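Have a look at data11.csv below; it lists CSV, C-alpha atoms and all ligand atoms.
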```csv
chain,number,residue,atom,x,y,z
A,176,MET,CA,-5.5,8.6,-10.4
A,177,THR,CA,-2.8,11.1,-10.1
A,178,PHE,CA,0.7,9.6,-10.5
A,179,ILE,CA,3.5,11.9,-9.3
A,180,THR,CA,7.2,11.0,-10.0
A,181,VAL,CA,9.8,12.8,-8.1
A,182,LYS,CA,13.6,12.5,-7.9
A,183,THR,CA,14.3,12.0,-4.3
A,184,TYR,CA,12.8,10.3,-1.2
A,185,GLU,CA,13.0,13.7,0.6
A,186,GLU,CA,10.8,15.3,-2.1
A,187,LEU,CA,8.4,12.4,-1.9
A,188,SER,CA,8.3,12.7,1.9
A,189,ARG,CA,7.6,16.5,1.8
A,190,LYS,CA,4.9,16.1,-0.8
A,191,ALA,CA,3.1,13.3,1.1
A,192,ALA,CA,3.3,15.1,4.4
A,193,ASN,CA,1.9,18.3,2.8
A,194,LEU,CA,-1.0,16.3,1.3
A,195,ILE,CA,-1.8,14.8,4.7
A,196,ALA,CA,-1.4,18.1,6.5
A,197,ALA,CA,-3.8,19.7,3.9
A,198,GLN,CA,-6.3,17.0,4.8
A,199,VAL,CA,-6.0,17.8,8.5
A,200,VAL,CA,-6.2,21.6,7.8
A,201,MET,CA,-9.4,21.1,5.7
A,202,LYS,CA,-11.0,18.7,8.2
A,203,PRO,CA,-9.4,19.0,11.6
A,204,ASP,CA,-11.4,16.0,13.0
A,205,CYS,CA,-10.6,13.7,10.1
A,206,VAL,CA,-9.8,10.0,10.3
A,207,LEU,CA,-6.3,9.2,8.9
A,208,GLY,CA,-5.5,5.6,7.9
A,209,LEU,CA,-1.8,5.1,8.5
A,210,ALA,CA,0.9,2.7,7.4
A,211,THR,CA,4.2,1.5,8.8
A,212,GLY,CA,7.3,0.2,7.0
A,213,SER,CA,10.2,2.3,5.7
A,214,SER,CA,8.3,4.3,3.1
A,215,PRO,CA,6.4,6.6,5.5
A,216,LEU,CA,9.3,7.4,7.8
A,217,GLY,CA,10.2,10.6,6.0
A,218,THR,CA,6.6,11.6,5.7
A,219,TYR,CA,6.1,11.2,9.4
A,220,ALA,CA,9.3,13.2,10.2
A,221,ASN,CA,7.9,16.0,8.0
A,222,LEU,CA,4.5,15.9,9.7
A,223,ALA,CA,6.3,16.2,13.0
A,224,LYS,CA,8.1,19.3,11.8
A,225,LEU,CA,4.8,20.8,10.5
A,226,CYS,CA,3.2,20.1,13.8
A,227,GLU,CA,6.1,21.6,15.7
A,228,ALA,CA,6.0,24.7,13.6
A,229,GLY,CA,2.3,25.1,14.4
A,230,ASP,CA,1.2,24.6,10.8
A,231,VAL,CA,-0.9,21.5,11.5
A,232,ASP,CA,-2.9,20.6,14.6
A,233,PHE,CA,-3.6,16.9,15.2
A,234,SER,CA,-5.6,17.4,18.4
A,235,ALA,CA,-8.9,16.4,16.9
A,236,VAL,CA,-7.6,13.7,14.5
A,237,THR,CA,-8.3,10.0,14.9
A,238,SER,CA,-5.9,7.5,13.3
A,239,VAL,CA,-6.4,3.8,12.3
A,240,ASN,CA,-3.5,1.8,11.3
A,241,LEU,CA,-3.5,-0.8,8.6
A,242,ASP,CA,-1.9,-3.8,10.3
A,243,GLU,CA,-0.1,-5.5,13.1
A,244,TYR,CA,2.1,-8.6,13.4
A,245,VAL,CA,0.4,-11.5,15.2
A,246,GLY,CA,2.0,-12.4,18.5
A,247,LEU,CA,3.6,-9.0,19.2
A,248,THR,CA,2.3,-6.8,22.0
A,249,GLY,CA,2.5,-3.0,21.6
A,250,ASP,CA,5.5,-2.7,23.8
A,251,ASN,CA,7.5,-5.0,21.6
A,252,GLU,CA,10.0,-2.8,19.6
A,253,GLN,CA,9.1,-4.7,16.4
A,254,SER,CA,5.4,-4.2,16.7
A,255,TYR,CA,3.6,-1.7,14.5
A,256,ARG,CA,2.1,-0.1,17.6
A,257,TYR,CA,5.6,0.6,18.9
A,258,PHE,CA,6.6,1.9,15.4
A,259,MET,CA,3.7,4.4,15.3
A,260,ASP,CA,4.2,5.6,18.8
A,261,HIS,CA,7.9,6.2,18.3
A,262,ASN,CA,8.0,7.4,14.7
A,263,LEU,CA,4.9,9.6,14.7
A,264,PHE,CA,2.5,9.8,17.7
A,265,ALA,CA,5.2,10.9,20.2
A,266,HIS,CA,6.1,13.8,17.9
A,267,ILE,CA,2.7,15.3,17.1
A,268,ASN,CA,-0.2,16.4,19.3
A,269,ILE,CA,-2.6,13.6,18.5
A,270,ARG,CA,-4.5,12.2,21.5
A,271,PRO,CA,-3.0,8.7,22.2
A,272,GLU,CA,-6.5,7.4,22.9
A,273,ALA,CA,-7.5,8.4,19.4
A,274,THR,CA,-4.8,6.2,17.7
A,275,TYR,CA,-5.8,2.7,16.8
A,276,VAL,CA,-3.7,-0.2,15.6
A,277,PRO,CA,-5.2,-3.7,15.3
A,278,SER,CA,-4.3,-6.0,18.1
A,279,GLY,CA,-1.8,-8.7,17.3
A,280,VAL,CA,-2.5,-10.7,20.4
A,281,SER,CA,-6.2,-11.1,20.3
A,282,ALA,CA,-7.4,-14.6,21.3
A,283,ASP,CA,-9.9,-14.4,18.4
A,284,PRO,CA,-8.3,-12.6,15.4
A,285,VAL,CA,-11.4,-13.0,13.3
A,286,GLU,CA,-13.6,-11.3,15.9
A,287,GLU,CA,-10.8,-8.7,16.4
A,288,GLY,CA,-11.1,-7.9,12.7
A,289,ARG,CA,-14.9,-7.5,12.9
A,290,GLN,CA,-14.5,-5.1,15.8
A,291,TYR,CA,-11.8,-3.1,13.9
A,292,ASP,CA,-14.1,-2.8,10.9
A,293,ALA,CA,-17.0,-1.8,13.2
A,294,LEU,CA,-14.7,0.8,14.8
A,295,ILE,CA,-13.8,2.3,11.4
A,296,GLU,CA,-17.5,2.4,10.4
A,297,SER,CA,-18.4,4.1,13.7
A,298,LEU,CA,-15.8,6.7,13.0
A,299,GLY,CA,-17.5,7.5,9.7
A,300,GLY,CA,-14.9,5.7,7.6
A,301,ILE,CA,-11.4,6.9,6.6
A,302,ASP,CA,-10.9,10.3,5.1
A,303,LEU,CA,-7.3,9.7,3.8
A,304,GLN,CA,-5.6,6.3,3.7
A,305,LEU,CA,-1.8,6.3,3.5
A,306,LEU,CA,-0.4,3.2,1.9
A,307,GLY,CA,3.0,1.7,1.0
A,308,ILE,CA,3.3,-1.2,-1.4
A,309,GLY,CA,5.1,-4.5,-1.1
A,310,LEU,CA,7.3,-5.9,-3.9
A,311,ASP,CA,4.6,-8.5,-4.4
A,312,GLY,CA,1.9,-5.8,-4.7
A,313,HIS,CA,0.5,-6.1,-1.2
A,314,ILE,CA,-1.2,-3.2,0.5
A,315,GLY,CA,-1.6,-3.5,4.2
A,316,PHE,CA,-0.8,-7.1,4.4
A,317,ASN,CA,-3.3,-8.2,1.8
A,318,GLU,CA,-1.0,-10.6,0.0
A,319,PRO,CA,-1.5,-12.0,-3.5
A,320,ASP,CA,-4.5,-14.4,-3.4
A,321,ASP,CA,-7.3,-15.9,-5.4
A,322,CYS,CA,-9.7,-13.2,-4.2
A,323,PHE,CA,-9.8,-9.8,-2.5
A,324,THR,CA,-10.7,-10.0,1.1
A,325,LYS,CA,-13.1,-7.3,2.3
A,326,GLU,CA,-12.8,-7.5,6.1
A,327,THR,CA,-10.0,-6.9,8.5
A,328,HIS,CA,-8.6,-10.4,8.8
A,329,PRO,CA,-5.6,-12.5,9.9
A,330,VAL,CA,-3.2,-13.5,7.1
A,331,GLU,CA,-0.2,-15.7,6.5
A,332,LEU,CA,2.7,-13.5,5.2
A,333,ASP,CA,4.3,-14.4,1.9
A,334,GLU,CA,7.9,-15.6,1.9
A,335,SER,CA,8.8,-12.5,-0.1
A,336,THR,CA,7.3,-10.2,2.6
A,337,ILE,CA,9.1,-12.1,5.4
A,338,GLU,CA,12.3,-11.7,3.4
A,339,ALA,CA,11.7,-8.0,2.8
A,340,ASN,CA,10.8,-7.3,6.4
A,341,ALA,CA,13.7,-9.3,7.8
A,342,ARG,CA,15.8,-6.1,7.7
A,343,PHE,CA,13.9,-4.8,10.7
A,344,PHE,CA,14.6,-7.9,12.8
A,345,ALA,CA,17.8,-9.4,14.3
A,346,SER,CA,17.3,-12.5,12.1
A,347,ARG,CA,14.8,-13.8,9.5
A,348,ASP,CA,13.6,-16.4,12.0
A,349,GLU,CA,12.3,-13.6,14.2
A,350,VAL,CA,9.9,-12.2,11.6
A,351,PRO,CA,6.4,-13.2,12.5
A,352,ARG,CA,4.7,-15.4,10.0
A,353,GLN,CA,1.2,-13.9,10.5
A,354,ALA,CA,-0.4,-10.5,10.7
A,355,VAL,CA,-3.8,-8.9,11.1
A,356,THR,CA,-4.6,-6.5,8.3
A,357,MET,CA,-7.3,-4.2,7.3
A,358,GLY,CA,-9.1,-5.6,4.3
A,359,MET,CA,-10.0,-4.1,1.0
A,360,GLY,CA,-13.4,-2.9,2.2
A,361,ALA,CA,-12.0,-0.2,4.6
A,362,ILE,CA,-9.1,0.7,2.2
A,363,MET,CA,-11.4,1.1,-0.8
A,364,GLY,CA,-14.0,2.9,1.4
A,365,ALA,CA,-11.4,5.6,2.3
A,366,ARG,CA,-12.4,8.9,0.6
A,367,LYS,CA,-8.8,9.5,-0.5
A,368,VAL,CA,-5.9,7.2,-0.9
A,369,LEU,CA,-2.2,8.3,-1.0
A,370,LEU,CA,0.2,5.6,-1.9
A,371,ILE,CA,4.0,6.2,-1.6
A,372,ALA,CA,6.8,4.1,-3.0
A,373,ASN,CA,10.5,4.8,-3.3
A,374,GLY,CA,13.4,3.1,-5.0
A,375,ALA,CA,13.8,1.6,-8.5
A,376,ALA,CA,12.9,-1.8,-7.1
A,377,LYS,CA,9.3,-0.7,-6.7
A,378,LYS,CA,8.9,0.5,-10.3
A,379,ASP,CA,7.8,-2.8,-11.8
A,380,ILE,CA,5.2,-3.5,-9.2
A,381,LEU,CA,3.8,0.0,-9.5
A,382,GLU,CA,3.4,-0.5,-13.3
A,383,LYS,CA,1.7,-3.8,-12.8
A,384,ALA,CA,-0.6,-2.4,-10.0
A,385,PHE,CA,-1.7,0.8,-11.8
A,386,TYR,CA,-1.4,-0.1,-15.5
A,387,GLY,CA,-1.9,-3.8,-15.6
A,388,PRO,CA,-5.0,-6.0,-15.1
A,389,ILE,CA,-7.0,-5.7,-11.9
A,390,THR,CA,-6.4,-9.0,-10.1
A,391,PRO,CA,-6.1,-10.2,-6.6
A,392,GLN,CA,-2.7,-11.6,-7.6
A,393,VAL,CA,-1.6,-8.0,-7.5
A,394,PRO,CA,-3.6,-6.7,-4.6
A,395,ALA,CA,-2.8,-3.0,-5.1
A,396,SER,CA,-4.4,-3.2,-8.6
A,397,ILE,CA,-7.8,-2.9,-6.9
A,398,LEU,CA,-6.9,0.8,-6.4
A,399,GLN,CA,-7.5,1.3,-10.1
A,400,LEU,CA,-11.2,1.2,-9.2
A,401,HIS,CA,-10.8,3.9,-6.5
A,402,PRO,CA,-12.0,7.4,-7.5
A,403,ASP,CA,-9.4,9.4,-5.7
A,404,VAL,CA,-5.9,7.9,-5.6
A,405,THR,CA,-2.6,9.8,-5.6
A,406,VAL,CA,0.6,7.8,-6.1
A,407,ILE,CA,4.0,9.4,-5.3
A,408,PHE,CA,7.0,7.6,-6.6
A,409,SER,CA,10.6,8.5,-6.1
A,410,GLU,CA,13.4,6.8,-8.0
A,411,ASN,CA,15.8,7.0,-5.0
B,1,LIG,C1,2.8,-1.5,6.5
B,1,LIG,C2,2.1,-2.1,5.4
B,1,LIG,C3,2.9,-2.6,4.2
B,1,LIG,C4,4.0,-1.8,3.7
B,1,LIG,C5,4.7,-2.5,2.6
B,1,LIG,C6,5.9,-1.6,2.1
B,1,LIG,O1,1.8,-1.0,7.5
B,1,LIG,O2,1.0,-2.2,5.4
B,1,LIG,O3,2.0,-2.9,3.2
B,1,LIG,O4,3.5,-0.5,3.3
B,1,LIG,O5,5.2,-3.7,3.0
B,1,LIG,O6,6.9,-1.6,3.1
B,1,LIG,P1,8.1,-0.6,2.9
B,1,LIG,O7,7.6,0.8,3.1
B,1,LIG,O8,9.0,-1.0,4.1
B,1,LIG,O9,8.7,-0.9,1.6
```
Rewrite the structure of this file - the entire thing - as structure tokens.
Ligand code: F6R
Amino acid sequence: MTFITVKTYEELSRKAANLIAAQVVMKPDCVLGLATGSSPLGTYANLAKLCEAGDVDFSAVTSVNLDEYVGLTGDNEQSYRYFMDHNLFAHINIRPEATYVPSGVSADPVEEGRQYDALIESLGGIDLQLLGIGLDGHIGFNEPDDCFTKETHPVELDESTIEANARFFASRDEVPRQAVTMGMGAIMGARKVLLIANGAAKKDILEKAFYGPITPQVPASILQLHPDVTVIFSEN
């Protein structure tokens, strides 16, 4: 594992974007695993700049997102599909049909999960997976549990996650209680993992995840077993 500490969120965002851009330069038809939330916003803004400057070309890239809220369609402003379209895809030259986000409105979320995993497998797996981390140690929406779940699957969100994500909604009551998330199989199968976290509030959970015991109670701790993880942490 490579653990990089920087001073500012801007620095984190530039470094993360440069690592993702390098992946695309080295393998133009790569598969990027992408995340939502506040952490990657700066990274995505920097990727848009690099693309606009002609330094990186996303035309052959495929993306697979980690997760989606159950009950939200892609045109809902709170959905992760909407987030990706507006914060990244609209600003780079990726083909819209090559961007995948799990469906939050599938009648059969378990089957939806199976199909999502089959899709990732058919793409040859993920070359680089970008992750944020929740205050409870979740990655994707793999919440603390008694075991790690391998497959893409529906989950009940923890109260702390609902609380943390309420900032994106008009009220806490509007935060969906369930999500569909990529499981640990696809995440751990990614050839490279890049985890970004900013703010002093994330320091404790990073220490637990990367220097504490490997346990499903701290889902990100499984990444200690991954051969190629880079963590970028900024204190601000
Ligand atoms: C988002 C995701 C989540 C977030 C995590 C941190 O697709 O999978 O695991 O990365 O909740 O969120 P922020 O970045 O908002 O602190």
Can you write out as a Markdown table which residues of chain A fall within 6 Å of ligand LIG 1 (chain B), alongside each residue's closest atom pair and its distance in Å to one decimal, counting only C-alpha atoms and all ligand atoms and ordering rows by chain and ascending residue number?
```
| residue | atom | partner | partner_atom | distance |
| --- | --- | --- | --- | --- |
| A:Ala210 | CA | B:LIG1 | O1 | 3.8 |
| A:Thr211 | CA | B:LIG1 | O1 | 3.7 |
| A:Gly212 | CA | B:LIG1 | O8 | 3.6 |
| A:Ser213 | CA | B:LIG1 | O8 | 3.9 |
| A:Ser214 | CA | B:LIG1 | O7 | 3.6 |
| A:Leu241 | CA | B:LIG1 | O1 | 5.4 |
| A:Asp242 | CA | B:LIG1 | O1 | 5.4 |
| A:Leu306 | CA | B:LIG1 | O4 | 5.6 |
| A:Gly307 | CA | B:LIG1 | O4 | 3.2 |
| A:Ile308 | CA | B:LIG1 | C6 | 4.4 |
| A:Gly309 | CA | B:LIG1 | O5 | 4.2 |
| A:His313 | CA | B:LIG1 | O3 | 5.6 |
| A:Ile314 | CA | B:LIG1 | O3 | 4.2 |
| A:Gly315 | CA | B:LIG1 | O2 | 3.1 |
| A:Phe316 | CA | B:LIG1 | O3 | 5.2 |
```
**OP:** Would you mind listing what lies within 9 Å of Tyr386 of chain A as a ChimeraX atom specification, with all atoms listed in the file counted and same-chain residues fewer than 4 positions away left out?
**Re:** /A:381-382,396,399
Subject >> Minimum-distance residue to Pro402 of chain A, chosen among A:His261, A:Lys367, A:Lys383, A:Lys377 (using all atoms listed in the file) >> reply: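 Residue with the minimum atom-to-atom distance to Pro402 of chain A: A:Lys367.
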**OP:** Select, from A:Thr274, A:Asn262, A:Thr177, A:Asn251, the residue with the minimum atom-to-atom distance to Ser234 of chain A, counting all atoms listed in the file.
**Re:** A:Thr274
**OP:** Go through A:Ile267, A:Leu400, A:Val393, A:Val206 and flag the residue nearest Ala365 of chain A, using only C-alpha atoms for the distances.
**Re:** A:Val206
Original post:
Ala191 of chain A: which residues within 12 Å, counting all atoms listed in the file, same-chain residues fewer than 4 positions away excluded, as a VMD selection string?
Top reply: chain A and resid 179 181 184 to 187 195 to 198 214 to 222 303 to 307 368 to 372 405 to 409
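A straight line drawn from atom CA of Phe233 of chain A to atom CA of Phe264 of chain A is 9.7 Å long.
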**OP:** Using atom CA of Glu243 of chain A and atom CA of Asn340 of chain A as the two end points, give the distance in Å to one decimal.
**Re:**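 Computing it gives 12.9 Å between the two atoms.
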Subject >> Point (-7.4, 11.4, 24.0), cut-off 10 Å, counting all atoms listed in the file, residues as a ChimeraX atom specification >> reply: /A:234-237,268-274
**OP:** Rank nothing, just name the residue among A:Glu331, A:Thr183, A:Asn193, A:Asn317 nearest to Lys224 of chain A, using all atoms listed in the file.
**Re:**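 Using all atoms listed in the file, Lys224 of chain A sits closest to A:Asn193.
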